$ cat query.cif   # mmCIF, C-alpha atoms
data_model
#
loop_
_atom_site.group_PDB
_atom_site.id
_atom_site.type_symbol
_atom_site.label_atom_id
_atom_site.label_comp_id
_atom_site.auth_asym_id
_atom_site.auth_seq_id
_atom_site.Cartn_x
_atom_site.Cartn_y
_atom_site.Cartn_z
ATOM 1 C CA MET A 1 47.029 92.730 -24.421
ATOM 2 C CA LEU A 2 46.437 89.011 -25.064
ATOM 3 C CA GLN A 3 49.856 88.636 -26.672
ATOM 4 C CA LYS A 4 51.492 90.082 -23.557
ATOM 5 C CA LYS A 5 49.556 87.635 -21.374
ATOM 6 C CA LEU A 6 50.749 84.732 -23.535
ATOM 7 C CA GLN A 7 54.343 85.925 -23.343
ATOM 8 C CA GLU A 8 54.088 85.875 -19.543
ATOM 9 C CA LEU A 9 53.299 82.141 -19.515
ATOM 10 C CA PRO A 10 56.099 79.694 -18.527
ATOM 11 C CA ASP A 11 58.892 79.092 -21.036
ATOM 12 C CA SER A 12 58.911 75.316 -20.524
ATOM 13 C CA ILE A 13 57.120 73.570 -23.390
ATOM 14 C CA LYS A 14 55.754 70.911 -21.046
ATOM 15 C CA GLU A 15 54.511 73.491 -18.533
ATOM 16 C CA ILE A 16 52.769 75.344 -21.345
ATOM 17 C CA GLY A 17 51.230 72.097 -22.550
ATOM 18 C CA ASN A 18 49.944 71.190 -19.098
ATOM 19 C CA LEU A 19 48.406 74.636 -18.692
ATOM 20 C CA VAL A 20 46.685 74.389 -22.058
ATOM 21 C CA ARG A 21 45.408 70.893 -21.284
ATOM 22 C CA SER A 22 44.088 72.094 -17.907
ATOM 23 C CA ASN A 23 41.805 74.572 -19.624
ATOM 24 C CA PHE A 24 40.267 72.348 -22.314
ATOM 25 C CA ILE A 25 37.751 69.509 -22.242
ATOM 26 C CA HIS A 26 37.571 67.225 -25.259
ATOM 27 C CA ARG A 27 34.081 66.612 -26.617
ATOM 28 C CA THR A 28 34.491 62.843 -26.181
ATOM 29 C CA THR A 29 35.400 63.382 -22.522
ATOM 30 C CA LEU A 30 32.220 65.392 -22.058
ATOM 31 C CA ARG A 31 30.259 62.662 -23.839
ATOM 32 C CA ASP A 32 31.745 59.787 -21.831
ATOM 33 C CA GLY A 33 31.644 61.568 -18.487
ATOM 34 C CA ASN A 34 33.734 60.317 -15.583
ATOM 35 C CA THR A 35 34.671 57.040 -17.243
ATOM 36 C CA GLY A 36 37.596 55.660 -19.230
ATOM 37 C CA SER A 37 40.512 58.088 -19.393
ATOM 38 C CA ASN A 38 38.587 60.456 -17.096
ATOM 39 C CA ALA A 39 37.741 57.891 -14.408
ATOM 40 C CA ASP A 40 40.141 59.774 -12.139
ATOM 41 C CA GLN A 41 38.526 63.095 -13.165
ATOM 42 C CA LYS A 42 41.843 64.571 -14.243
ATOM 43 C CA TYR A 43 39.951 66.502 -16.898
ATOM 44 C CA GLY A 44 37.336 67.574 -14.354
ATOM 45 C CA ASP A 45 34.028 66.330 -13.022
ATOM 46 C CA MET A 46 31.765 66.114 -16.060
ATOM 47 C CA THR A 47 28.646 65.998 -13.867
ATOM 48 C CA LYS A 48 29.236 69.673 -13.041
ATOM 49 C CA ILE A 49 28.724 70.724 -16.647
ATOM 50 C CA PRO A 50 25.086 71.644 -17.407
ATOM 51 C CA TRP A 51 23.213 69.749 -20.108
ATOM 52 C CA TRP A 52 23.042 72.772 -22.404
ATOM 53 C CA GLN A 53 26.817 73.328 -22.539
ATOM 54 C CA GLN A 54 27.864 71.872 -25.892
ATOM 55 C CA PRO A 55 31.147 71.456 -27.789
ATOM 56 C CA GLU A 56 32.332 74.754 -29.256
ATOM 57 C CA ASP A 57 34.283 73.525 -32.286
ATOM 58 C CA ASP A 58 32.020 75.139 -34.852
ATOM 59 C CA TYR A 59 32.233 78.708 -33.584
ATOM 60 C CA LEU A 60 35.514 79.138 -31.697
ATOM 61 C CA VAL A 61 37.504 78.338 -34.819
ATOM 62 C CA THR A 62 40.373 80.835 -34.466
ATOM 63 C CA ALA A 63 42.972 81.427 -31.772
ATOM 64 C CA GLY A 64 41.525 84.899 -31.208
ATOM 65 C CA ALA A 65 38.042 83.524 -30.605
ATOM 66 C CA MET A 66 39.303 80.844 -28.237
ATOM 67 C CA LEU A 67 41.441 83.225 -26.209
ATOM 68 C CA THR A 68 38.699 85.824 -25.974
ATOM 69 C CA GLU A 69 36.247 83.229 -24.642
ATOM 70 C CA LEU A 70 38.836 81.754 -22.264
ATOM 71 C CA TYR A 71 39.532 85.151 -20.688
ATOM 72 C CA ARG A 72 35.841 86.100 -20.724
ATOM 73 C CA LYS A 73 35.005 83.035 -18.639
ATOM 74 C CA ASN A 74 37.872 83.685 -16.223
ATOM 75 C CA SER A 75 40.120 86.723 -16.544
ATOM 76 C CA GLN A 76 43.015 84.777 -14.994
ATOM 77 C CA GLY A 77 43.424 83.014 -18.317
ATOM 78 C CA PHE A 78 45.474 79.823 -18.328
ATOM 79 C CA ILE A 79 45.233 78.456 -14.799
ATOM 80 C CA LYS A 80 45.627 74.942 -13.418
ATOM 81 C CA ASN A 81 42.385 74.770 -11.443
ATOM 82 C CA ARG A 82 39.837 76.270 -13.819
ATOM 83 C CA LYS A 83 36.234 75.358 -13.034
ATOM 84 C CA GLU A 84 34.722 72.774 -15.365
ATOM 85 C CA THR A 85 32.055 75.219 -16.549
ATOM 86 C CA ASP A 86 34.760 77.758 -17.446
ATOM 87 C CA LYS A 87 36.807 75.385 -19.600
ATOM 88 C CA LEU A 88 36.616 75.385 -23.387
ATOM 89 C CA ILE A 89 35.033 72.261 -24.885
ATOM 90 C CA LEU A 90 37.170 71.751 -27.966
ATOM 91 C CA THR A 91 39.054 69.003 -29.777
ATOM 92 C CA CYS A 92 42.670 68.380 -30.778
ATOM 93 C CA ARG A 93 42.687 70.850 -33.696
ATOM 94 C CA PHE A 94 41.980 73.695 -31.304
ATOM 95 C CA VAL A 95 44.457 72.562 -28.652
ATOM 96 C CA ALA A 96 47.148 72.444 -31.349
ATOM 97 C CA ILE A 97 46.274 75.919 -32.648
ATOM 98 C CA ILE A 98 46.375 77.460 -29.161
ATOM 99 C CA THR A 99 49.670 75.715 -28.424
ATOM 100 C CA ALA A 100 51.176 77.071 -31.652
ATOM 101 C CA THR A 101 49.862 80.552 -30.853
ATOM 102 C CA ILE A 102 51.500 80.576 -27.425
ATOM 103 C CA LEU A 103 54.855 79.316 -28.698
ATOM 104 C CA LYS A 104 54.869 81.775 -31.599
ATOM 105 C CA SER A 105 54.185 84.618 -29.151
ATOM 106 C CA LYS A 106 57.424 83.561 -27.443
ATOM 107 C CA ASN A 107 59.310 83.579 -30.776
ATOM 108 C CA ILE A 108 59.471 79.791 -30.916
ATOM 109 C CA ALA A 109 58.832 78.423 -34.392
ATOM 110 C CA CYS A 110 55.821 76.130 -34.179
ATOM 111 C CA ARG A 111 53.431 74.540 -36.641
ATOM 112 C CA VAL A 112 50.244 72.523 -36.453
ATOM 113 C CA ARG A 113 50.242 69.080 -38.091
ATOM 114 C CA SER A 114 47.382 66.763 -38.988
ATOM 115 C CA GLY A 115 47.623 62.992 -39.205
ATOM 116 C CA PHE A 116 46.620 59.891 -37.284
ATOM 117 C CA ALA A 117 47.404 58.609 -33.800
ATOM 118 C CA PRO A 118 47.642 54.819 -33.356
ATOM 119 C CA TYR A 119 48.280 55.126 -29.624
ATOM 120 C CA PHE A 120 44.805 55.933 -28.248
ATOM 121 C CA GLU A 121 43.047 52.620 -28.813
ATOM 122 C CA ASP A 122 44.396 49.068 -28.665
ATOM 123 C CA ASP A 123 42.531 47.992 -31.802
ATOM 124 C CA ASN A 124 45.107 48.309 -34.593
ATOM 125 C CA LYS A 125 43.392 51.521 -35.699
ATOM 126 C CA SER A 126 44.923 54.949 -36.177
ATOM 127 C CA TRP A 127 42.611 57.862 -35.395
ATOM 128 C CA ASP A 128 42.628 61.304 -36.990
ATOM 129 C CA HIS A 129 44.511 63.708 -34.758
ATOM 130 C CA TRP A 130 46.118 67.157 -34.767
ATOM 131 C CA ILE A 131 49.410 67.801 -32.990
ATOM 132 C CA ASN A 132 52.322 70.280 -33.050
ATOM 133 C CA GLN A 133 55.942 70.510 -34.034
ATOM 134 C CA TYR A 134 58.226 73.190 -32.614
ATOM 135 C CA TYR A 135 61.754 73.935 -33.721
ATOM 136 C CA ASP A 136 64.403 73.335 -31.058
ATOM 137 C CA GLU A 137 67.219 75.773 -31.818
ATOM 138 C CA LYS A 138 69.729 73.899 -29.672
ATOM 139 C CA GLN A 139 69.068 70.524 -31.268
ATOM 140 C CA LYS A 140 68.425 72.015 -34.731
ATOM 141 C CA ARG A 141 65.368 69.846 -35.325
ATOM 142 C CA TRP A 142 61.582 69.857 -35.264
ATOM 143 C CA VAL A 143 60.242 68.223 -32.092
ATOM 144 C CA THR A 144 56.844 66.546 -32.359
ATOM 145 C CA ILE A 145 54.507 67.026 -29.382
ATOM 146 C CA ASP A 146 50.935 66.016 -28.560
ATOM 147 C CA VAL A 147 49.452 68.375 -25.978
ATOM 148 C CA ASP A 148 45.887 67.120 -26.402
ATOM 149 C CA GLY A 149 46.941 63.502 -25.812
ATOM 150 C CA SER A 150 49.639 64.253 -23.266
ATOM 151 C CA TRP A 151 47.567 63.197 -20.231
ATOM 152 C CA HIS A 152 46.899 59.745 -21.652
ATOM 153 C CA ASP A 153 48.937 56.803 -20.396
ATOM 154 C CA LEU A 154 51.431 56.661 -23.274
ATOM 155 C CA ALA A 155 54.483 54.458 -23.725
ATOM 156 C CA PHE A 156 56.579 57.418 -24.921
ATOM 157 C CA ASP A 157 57.183 61.078 -24.120
ATOM 158 C CA PRO A 158 54.346 63.164 -25.644
ATOM 159 C CA TYR A 159 56.728 66.131 -25.652
ATOM 160 C CA ASP A 160 59.213 64.385 -27.930
ATOM 161 C CA ILE A 161 57.289 61.813 -29.928
ATOM 162 C CA PRO A 162 59.468 59.254 -31.750
ATOM 163 C CA GLU A 163 59.166 59.376 -35.529
ATOM 164 C CA ASP A 164 57.423 56.003 -35.825
ATOM 165 C CA LYS A 165 54.703 56.675 -33.230
ATOM 166 C CA PHE A 166 52.579 59.166 -35.171
ATOM 167 C CA ASP A 167 51.134 58.503 -38.634
ATOM 168 C CA PHE A 168 51.616 61.640 -40.693
ATOM 169 C CA SER A 169 49.011 61.904 -43.430
ATOM 170 C CA ALA A 170 51.481 61.919 -46.337
ATOM 171 C CA LYS A 171 53.045 58.593 -45.393
ATOM 172 C CA ALA A 172 49.655 57.094 -44.526
ATOM 173 C CA TRP A 173 48.332 58.039 -47.975
ATOM 174 C CA LEU A 174 51.332 56.725 -49.896
ATOM 175 C CA ASP A 175 51.549 53.485 -47.908
ATOM 176 C CA ALA A 176 47.829 52.824 -48.388
ATOM 177 C CA ARG A 177 48.043 53.614 -52.097
ATOM 178 C CA ALA A 178 51.012 51.237 -52.473
ATOM 179 C CA GLY A 179 49.169 48.444 -50.672
ATOM 180 C CA LYS A 180 51.676 48.430 -47.810
ATOM 181 C CA ILE A 181 48.943 49.012 -45.264
ATOM 182 C CA ASP A 182 45.182 48.538 -45.131
ATOM 183 C CA PRO A 183 43.577 51.987 -45.653
ATOM 184 C CA LYS A 184 40.780 50.948 -43.270
ATOM 185 C CA ARG A 185 43.329 51.207 -40.468
ATOM 186 C CA PHE A 186 42.825 54.977 -40.632
ATOM 187 C CA GLN A 187 39.632 56.395 -39.152
ATOM 188 C CA ASN A 188 38.221 59.760 -38.228
ATOM 189 C CA ALA A 189 35.948 60.865 -35.414
ATOM 190 C CA GLY A 190 32.870 60.498 -37.595
ATOM 191 C CA GLY A 191 33.462 56.766 -37.787
ATOM 192 C CA PHE A 192 34.647 56.879 -41.404
ATOM 193 C CA GLU A 193 37.596 54.805 -42.522
ATOM 194 C CA GLY A 194 39.811 54.350 -45.562
ATOM 195 C CA PHE A 195 41.063 56.662 -48.259
ATOM 196 C CA TYR A 196 38.645 59.529 -47.609
ATOM 197 C CA PRO A 197 39.786 60.220 -44.028
ATOM 198 C CA ILE A 198 43.405 59.944 -45.171
ATOM 199 C CA ALA A 199 42.759 62.408 -48.008
ATOM 200 C CA TRP A 200 41.096 64.806 -45.577
ATOM 201 C CA GLY A 201 44.051 64.469 -43.207
ATOM 202 C CA LEU A 202 46.486 65.145 -46.034
ATOM 203 C CA LEU A 203 44.565 68.251 -47.089
ATOM 204 C CA TYR A 204 44.388 69.449 -43.479
ATOM 205 C CA ASP A 205 48.138 68.946 -43.105
ATOM 206 C CA PHE A 206 48.869 70.741 -46.381
ATOM 207 C CA HIS A 207 46.906 73.765 -45.209
ATOM 208 C CA CYS A 208 48.541 73.582 -41.772
ATOM 209 C CA LEU A 209 51.984 73.765 -43.382
ATOM 210 C CA MET A 210 50.792 76.911 -45.132
ATOM 211 C CA ASN A 211 49.720 78.352 -41.751
ATOM 212 C CA ARG A 212 46.031 78.155 -42.700
ATOM 213 C CA GLU A 213 44.419 75.565 -40.440
ATOM 214 C CA ILE A 214 41.014 74.779 -41.919
ATOM 215 C CA ILE A 215 38.024 73.476 -39.987
ATOM 216 C CA TYR A 216 36.623 69.954 -39.955
ATOM 217 C CA LEU A 217 33.737 70.822 -42.275
ATOM 218 C CA HIS A 218 36.046 71.796 -45.109
ATOM 219 C CA GLY A 219 37.321 69.398 -47.740
ATOM 220 C CA SER A 220 38.928 69.610 -51.144
ATOM 221 C CA ASN A 221 36.876 70.902 -54.019
ATOM 222 C CA GLN A 222 37.650 67.519 -55.628
ATOM 223 C CA ALA A 223 36.997 65.234 -52.641
ATOM 224 C CA SER A 224 34.781 66.706 -49.955
ATOM 225 C CA PRO A 225 32.855 65.243 -47.009
ATOM 226 C CA GLN A 226 29.715 65.435 -49.162
ATOM 227 C CA ASP A 227 31.345 63.076 -51.659
ATOM 228 C CA TYR A 228 31.979 60.563 -48.919
ATOM 229 C CA PHE A 229 28.360 60.593 -47.807
ATOM 230 C CA ALA A 230 27.322 60.104 -51.428
ATOM 231 C CA GLN A 231 29.818 57.200 -51.619
ATOM 232 C CA LYS A 232 31.471 58.926 -54.556
ATOM 233 C CA PRO A 233 34.967 57.497 -55.182
ATOM 234 C CA ILE A 234 37.976 59.790 -55.228
ATOM 235 C CA ALA A 235 38.774 60.484 -58.886
ATOM 236 C CA LYS A 236 41.868 58.791 -60.302
ATOM 237 C CA LYS A 237 43.334 62.094 -61.489
ATOM 238 C CA TYR A 238 42.897 63.683 -58.082
ATOM 239 C CA SER A 239 44.401 60.623 -56.351
ATOM 240 C CA GLU A 240 47.465 60.913 -58.566
ATOM 241 C CA GLN A 241 47.747 64.611 -57.690
ATOM 242 C CA LEU A 242 47.543 63.666 -54.016
ATOM 243 C CA ASP A 243 50.353 61.161 -54.634
ATOM 244 C CA GLN A 244 52.612 63.944 -55.868
ATOM 245 C CA LEU A 245 51.714 66.275 -53.020
ATOM 246 C CA ALA A 246 52.211 63.520 -50.435
ATOM 247 C CA LYS A 247 55.669 62.700 -51.791
ATOM 248 C CA LEU A 248 56.709 66.326 -51.259
ATOM 249 C CA MET A 249 55.140 66.435 -47.804
ATOM 250 C CA LEU A 250 57.207 63.484 -46.622
ATOM 251 C CA ASN A 251 59.937 66.091 -46.224
ATOM 252 C CA PRO A 252 58.132 69.445 -45.943
ATOM 253 C CA ASP A 253 61.245 71.445 -45.051
ATOM 254 C CA LYS A 254 63.334 70.257 -47.977
ATOM 255 C CA ASN A 255 60.412 70.591 -50.385
ATOM 256 C CA PHE A 256 58.768 73.683 -48.939
ATOM 257 C CA GLN A 257 59.151 75.866 -52.035
ATOM 258 C CA LYS A 258 57.566 73.198 -54.238
ATOM 259 C CA ILE A 259 54.738 72.742 -51.737
ATOM 260 C CA LYS A 260 54.257 76.510 -51.654
ATOM 261 C CA GLN A 261 54.086 76.590 -55.446
ATOM 262 C CA ILE A 262 51.228 74.055 -55.336
ATOM 263 C CA TRP A 263 49.544 76.229 -52.720
ATOM 264 C CA GLU A 264 49.757 79.241 -55.001
ATOM 265 C CA THR A 265 48.705 77.523 -58.237
ATOM 266 C CA SER A 266 46.512 74.474 -57.548
ATOM 267 C CA LYS A 267 42.760 75.030 -57.526
ATOM 268 C CA GLU A 268 42.260 71.360 -56.615
ATOM 269 C CA PHE A 269 43.950 71.796 -53.233
ATOM 270 C CA ARG A 270 43.361 75.472 -52.504
ATOM 271 C CA LEU A 271 39.635 75.823 -53.230
ATOM 272 C CA LEU A 272 37.508 74.202 -50.552
ATOM 273 C CA ARG A 273 34.008 72.817 -50.224
ATOM 274 C CA GLY A 274 31.886 72.449 -47.110
ATOM 275 C CA GLY A 275 29.570 74.559 -44.999
ATOM 276 C CA LEU A 276 28.804 77.705 -46.980
ATOM 277 C CA LEU A 277 31.665 77.227 -49.447
#
$ encode --input "query.cif" --output "structure tokens"
Amino acid sequence: MLQKKLQELPDSIKEIGNLVRSNFIHRTTLRDGNTGSNADQKYGDMTKIPWWQQPEDDYLVTAGAMLTELYRKNSQGFIKNRKETDKLILTCRFVAIITATILKSKNIACRVRSGFAPYFEDDNKSWDHWINQYYDEKQKRWVTIDVDGSWHDLAFDPYDIPEDKFDFSAKAWLDARAGKIDPKRFQNAGGFEGFYPIAWGLLYDFHCLMNREIIYLHGSNQASPQDYFAQKPIAKKYSEQLDQLAKLMLNPDKNFQKIKQIWETSKEFRLLRGGLL
């Protein structure tokens, strides 16, 4: 039933993106209220949301859970004028997963990607962010899109992001390791900066390429969020393994079989830690 409803959505990628964005509120938007990027209330009037309505990232972790809750709150599903209290309060990971789910239901190849966006703040920082790539059959190429960030005032088309505008985790890791860029440029939503957020982003992206989008609480068995809090450095051996993985992920299509082999054989990257793991 839900798949049929998704197939009935518009075929235009941008129209789909706008519908998705109309039905989500980012947790930072809820926190900041009707200020900043929401001064015009394009995401809705945050004063209408009751105090007890919290972000839902930790329990609507799958596309099925998100869609079920979306249709439970309003059986019309993806609509442009959804009430603020009926919107899902979720971050970029979830927007990207829903976008991929819709496009896949329409037989459009789509994948979720994790990296860093330097275009949200004018502070020479690049913030952890999840986006999508879909395969354009006519152009014979992957097109990079940012549905979650598409309503920001950007200097480029969020539905065809130029290659140099988004920092994919593999390149960020290798450039930081080579000293080409300050690792502290890269930050995540928890306020952490440096090699740990990049390593997390690389692991997220690796799992995304394997169609297994993990949640924020999960990290590598060798370098987890707990290690960061304990200020435990990333082991040299593990960093060198990340180097090899990152080199392959610079071109995931060409190197997909080698990346898949790592997925099937590497305990360091496959086994996770965090939450109950």
$ closest_residue --input "query.cif" --among "A:Lys80, A:His207, A:His218, A:Lys247" --to "A:Glu264" --atoms "only C-alpha atoms"
A:His207
$ closest_residue --input "query.cif" --among "A:Ala117, A:Leu209, A:Leu90, A:Ile102" --to "A:Lys165" --atoms "all atoms listed in the file"
A:Ala117
$ closest_residue --input "query.cif" --among "A:Arg72, A:Thr144, A:Arg82, A:Lys184" --to "A:Pro158" --atoms "all atoms listed in the file"
A:Thr144
$ residues_near_point --input "query.cif" --point "(45.0, 58.3, -57.3)" --cutoff "12 Å" --atoms "all atoms listed in the file" --output "list in words"
Trp173, Leu174, Ala176, Arg177, Ala178, Phe195, Tyr196, Ala199, Gln222, Ala223, Pro233, Ile234, Ala235, Lys236, Lys237, Tyr238, Ser239, Glu240, Gln241, Leu242, Asp243, Gln244, Leu245 and Ala246 of chain A
$ resolve_selection --input "query.cif" --expression "the PyMOL selection byres ((chain A and resi 121) around 12)" --output "PyMOL selection string"
chain A and resi 36-37+116-120+122-128+149+152-154+185+187
$ write_last_selection --input "query.cif" --atoms "C-alpha atoms" --output "compact mmCIF listing (two decimals), in the coordinates of the input"
# COMPACT_ATOMS: atom_id res chain seq x y z
CA GLY A 36 37.60 55.66 -19.23
CA SER A 37 40.51 58.09 -19.39
CA PHE A 116 46.62 59.89 -37.28
CA ALA A 117 47.40 58.61 -33.80
CA PRO A 118 47.64 54.82 -33.36
CA TYR A 119 48.28 55.13 -29.62
CA PHE A 120 44.80 55.93 -28.25
CA ASP A 122 44.40 49.07 -28.66
CA ASP A 123 42.53 47.99 -31.80
CA ASN A 124 45.11 48.31 -34.59
CA LYS A 125 43.39 51.52 -35.70
CA SER A 126 44.92 54.95 -36.18
CA TRP A 127 42.61 57.86 -35.40
CA ASP A 128 42.63 61.30 -36.99
CA GLY A 149 46.94 63.50 -25.81
CA HIS A 152 46.90 59.74 -21.65
CA ASP A 153 48.94 56.80 -20.40
CA LEU A 154 51.43 56.66 -23.27
CA ARG A 185 43.33 51.21 -40.47
CA GLN A 187 39.63 56.40 -39.15
$ closest_residue --input "query.cif" --among "A:Asn74, A:Tyr43, A:Pro183, A:Asn211" --to "A:Ala109" --atoms "all atoms listed in the file"
A:Asn211
$ atom_distance --input "query.cif" --atom1 "atom CA of A:Ala100" --atom2 "atom CA of A:Asn251"
20.2 Å
$ atom_distance --input "query.cif" --atom1 "atom CA of A:Gln257" --atom2 "atom CA of A:Ile215"
24.4 Å
$ closest_residue --input "query.cif" --among "A:Gly219, A:Arg27, A:Ala96, A:Gly179" --to "A:Ser150" --atoms "only C-alpha atoms"
A:Ala96
$ atom_distance --input "query.cif" --atom1 "atom CA of A:Asp167" --atom2 "atom CA of A:Gln133"
13.7 Å
$ closest_residue --input "query.cif" --among "A:Phe256, A:Tyr59, A:Phe269, A:Phe24" --to "A:Trp200" --atoms "all atoms listed in the file"
A:Phe269
$ resolve_selection --input "query.cif" --expression "the PyMOL selection byres ((chain A and resi 213) around 9)" --output "list in words"
Thr62, Arg93, Ile97, Val112, Tyr204, Asp205, Phe206, His207, Cys208, Leu209, Met210, Asn211, Arg212, Ile214 and Ile215 of chain A
$ resolve_selection --input "query.cif" --expression "the PyMOL selection byres ((chain A and resi 105) around 7)" --output "list in words"
Gln3, Leu6, Gln7, Thr101, Ile102, Leu103, Lys104, Lys106 and Asn107 of chain A
$ axis_aligned_box --input "query.cif" --around "stretch 264-271 of chain A" --padding-each-side "6 Å" --output "JSON"
{"center_x": 44.7, "center_y": 75.3, "center_z": -55.4, "size_x": 22.1, "size_y": 19.9, "size_z": 17.7}
$ residues_near_point --input "query.cif" --point "(34.6, 63.9, -12.8)" --cutoff "12 Å" --atoms "all atoms listed in the file" --output "PyMOL selection string"
chain A and resi 25+29-49+83-84
$ write_last_selection --input "query.cif" --atoms "C-alpha atoms" --output "CSV table (one decimal), keeping the file's coordinate frame"
chain,number,residue,atom,x,y,z
A,25,ILE,CA,37.8,69.5,-22.2
A,29,THR,CA,35.4,63.4,-22.5
A,30,LEU,CA,32.2,65.4,-22.1
A,31,ARG,CA,30.3,62.7,-23.8
A,32,ASP,CA,31.7,59.8,-21.8
A,33,GLY,CA,31.6,61.6,-18.5
A,34,ASN,CA,33.7,60.3,-15.6
A,35,THR,CA,34.7,57.0,-17.2
A,36,GLY,CA,37.6,55.7,-19.2
A,37,SER,CA,40.5,58.1,-19.4
A,38,ASN,CA,38.6,60.5,-17.1
A,39,ALA,CA,37.7,57.9,-14.4
A,40,ASP,CA,40.1,59.8,-12.1
A,41,GLN,CA,38.5,63.1,-13.2
A,42,LYS,CA,41.8,64.6,-14.2
A,43,TYR,CA,40.0,66.5,-16.9
A,44,GLY,CA,37.3,67.6,-14.4
A,45,ASP,CA,34.0,66.3,-13.0
A,46,MET,CA,31.8,66.1,-16.1
A,47,THR,CA,28.6,66.0,-13.9
A,48,LYS,CA,29.2,69.7,-13.0
A,49,ILE,CA,28.7,70.7,-16.6
A,83,LYS,CA,36.2,75.4,-13.0
A,84,GLU,CA,34.7,72.8,-15.4
$ residues_around --input "query.cif" --residues "A:Leu70" --least-positions-apart "5" --cutoff "10 Å" --atoms "only C-alpha atoms" --output "JSON list (two decimals) with C-alpha atoms, in the frame of the given file"
[["chain", "number", "residue", "atom", "x", "y", "z"],
["A", 23, "ASN", "CA", 41.80, 74.57, -19.62],
["A", 24, "PHE", "CA", 40.27, 72.35, -22.31],
["A", 64, "GLY", "CA", 41.52, 84.90, -31.21],
["A", 65, "ALA", "CA", 38.04, 83.52, -30.60],
["A", 75, "SER", "CA", 40.12, 86.72, -16.54],
["A", 76, "GLN", "CA", 43.02, 84.78, -14.99],
["A", 77, "GLY", "CA", 43.42, 83.01, -18.32],
["A", 78, "PHE", "CA", 45.47, 79.82, -18.33],
["A", 86, "ASP", "CA", 34.76, 77.76, -17.45],
["A", 87, "LYS", "CA", 36.81, 75.39, -19.60],
["A", 88, "LEU", "CA", 36.62, 75.39, -23.39]]
$ build_atoms --input "query.cif" --residues "stretch 230-246 of chain A" --atoms "N, CA and C atoms" --output "compact mmCIF listing (two decimals), in the frame of the given file"
# COMPACT_ATOMS: atom_id res chain seq x y z
N ALA A 230 27.96 60.58 -50.20
CA ALA A 230 27.32 60.10 -51.43
C ALA A 230 28.02 58.85 -51.97
N GLN A 231 29.03 58.38 -51.23
CA GLN A 231 29.82 57.20 -51.62
C GLN A 231 30.41 57.38 -53.02
N LYS A 232 30.83 58.61 -53.28
CA LYS A 232 31.47 58.93 -54.56
C LYS A 232 32.97 58.64 -54.44
N PRO A 233 33.54 57.81 -55.29
CA PRO A 233 34.97 57.50 -55.18
C PRO A 233 35.84 58.71 -55.50
N ILE A 234 37.03 58.72 -54.92
CA ILE A 234 37.98 59.79 -55.23
C ILE A 234 38.48 59.57 -56.65
N ALA A 235 38.39 60.60 -57.48
CA ALA A 235 38.77 60.48 -58.89
C ALA A 235 40.24 60.08 -59.04
N LYS A 236 40.51 59.27 -60.06
CA LYS A 236 41.87 58.79 -60.30
C LYS A 236 42.85 59.94 -60.48
N LYS A 237 42.44 60.95 -61.24
CA LYS A 237 43.33 62.09 -61.49
C LYS A 237 43.68 62.80 -60.19
N TYR A 238 42.66 63.00 -59.34
CA TYR A 238 42.90 63.68 -58.08
C TYR A 238 43.78 62.83 -57.17
N SER A 239 43.57 61.52 -57.17
CA SER A 239 44.40 60.62 -56.35
C SER A 239 45.86 60.71 -56.77
N GLU A 240 46.09 60.80 -58.07
CA GLU A 240 47.46 60.91 -58.57
C GLU A 240 48.08 62.26 -58.18
N GLN A 241 47.25 63.30 -58.15
CA GLN A 241 47.75 64.61 -57.69
C GLN A 241 48.09 64.56 -56.21
N LEU A 242 47.26 63.84 -55.44
CA LEU A 242 47.54 63.67 -54.02
C LEU A 242 48.83 62.88 -53.81
N ASP A 243 49.10 61.91 -54.70
CA ASP A 243 50.35 61.16 -54.63
C ASP A 243 51.55 62.10 -54.71
N GLN A 244 51.50 63.02 -55.67
CA GLN A 244 52.61 63.94 -55.87
C GLN A 244 52.78 64.89 -54.69
N LEU A 245 51.65 65.39 -54.18
CA LEU A 245 51.71 66.28 -53.02
C LEU A 245 52.26 65.53 -51.81
N ALA A 246 51.78 64.31 -51.59
CA ALA A 246 52.21 63.52 -50.44
C ALA A 246 53.71 63.24 -50.48
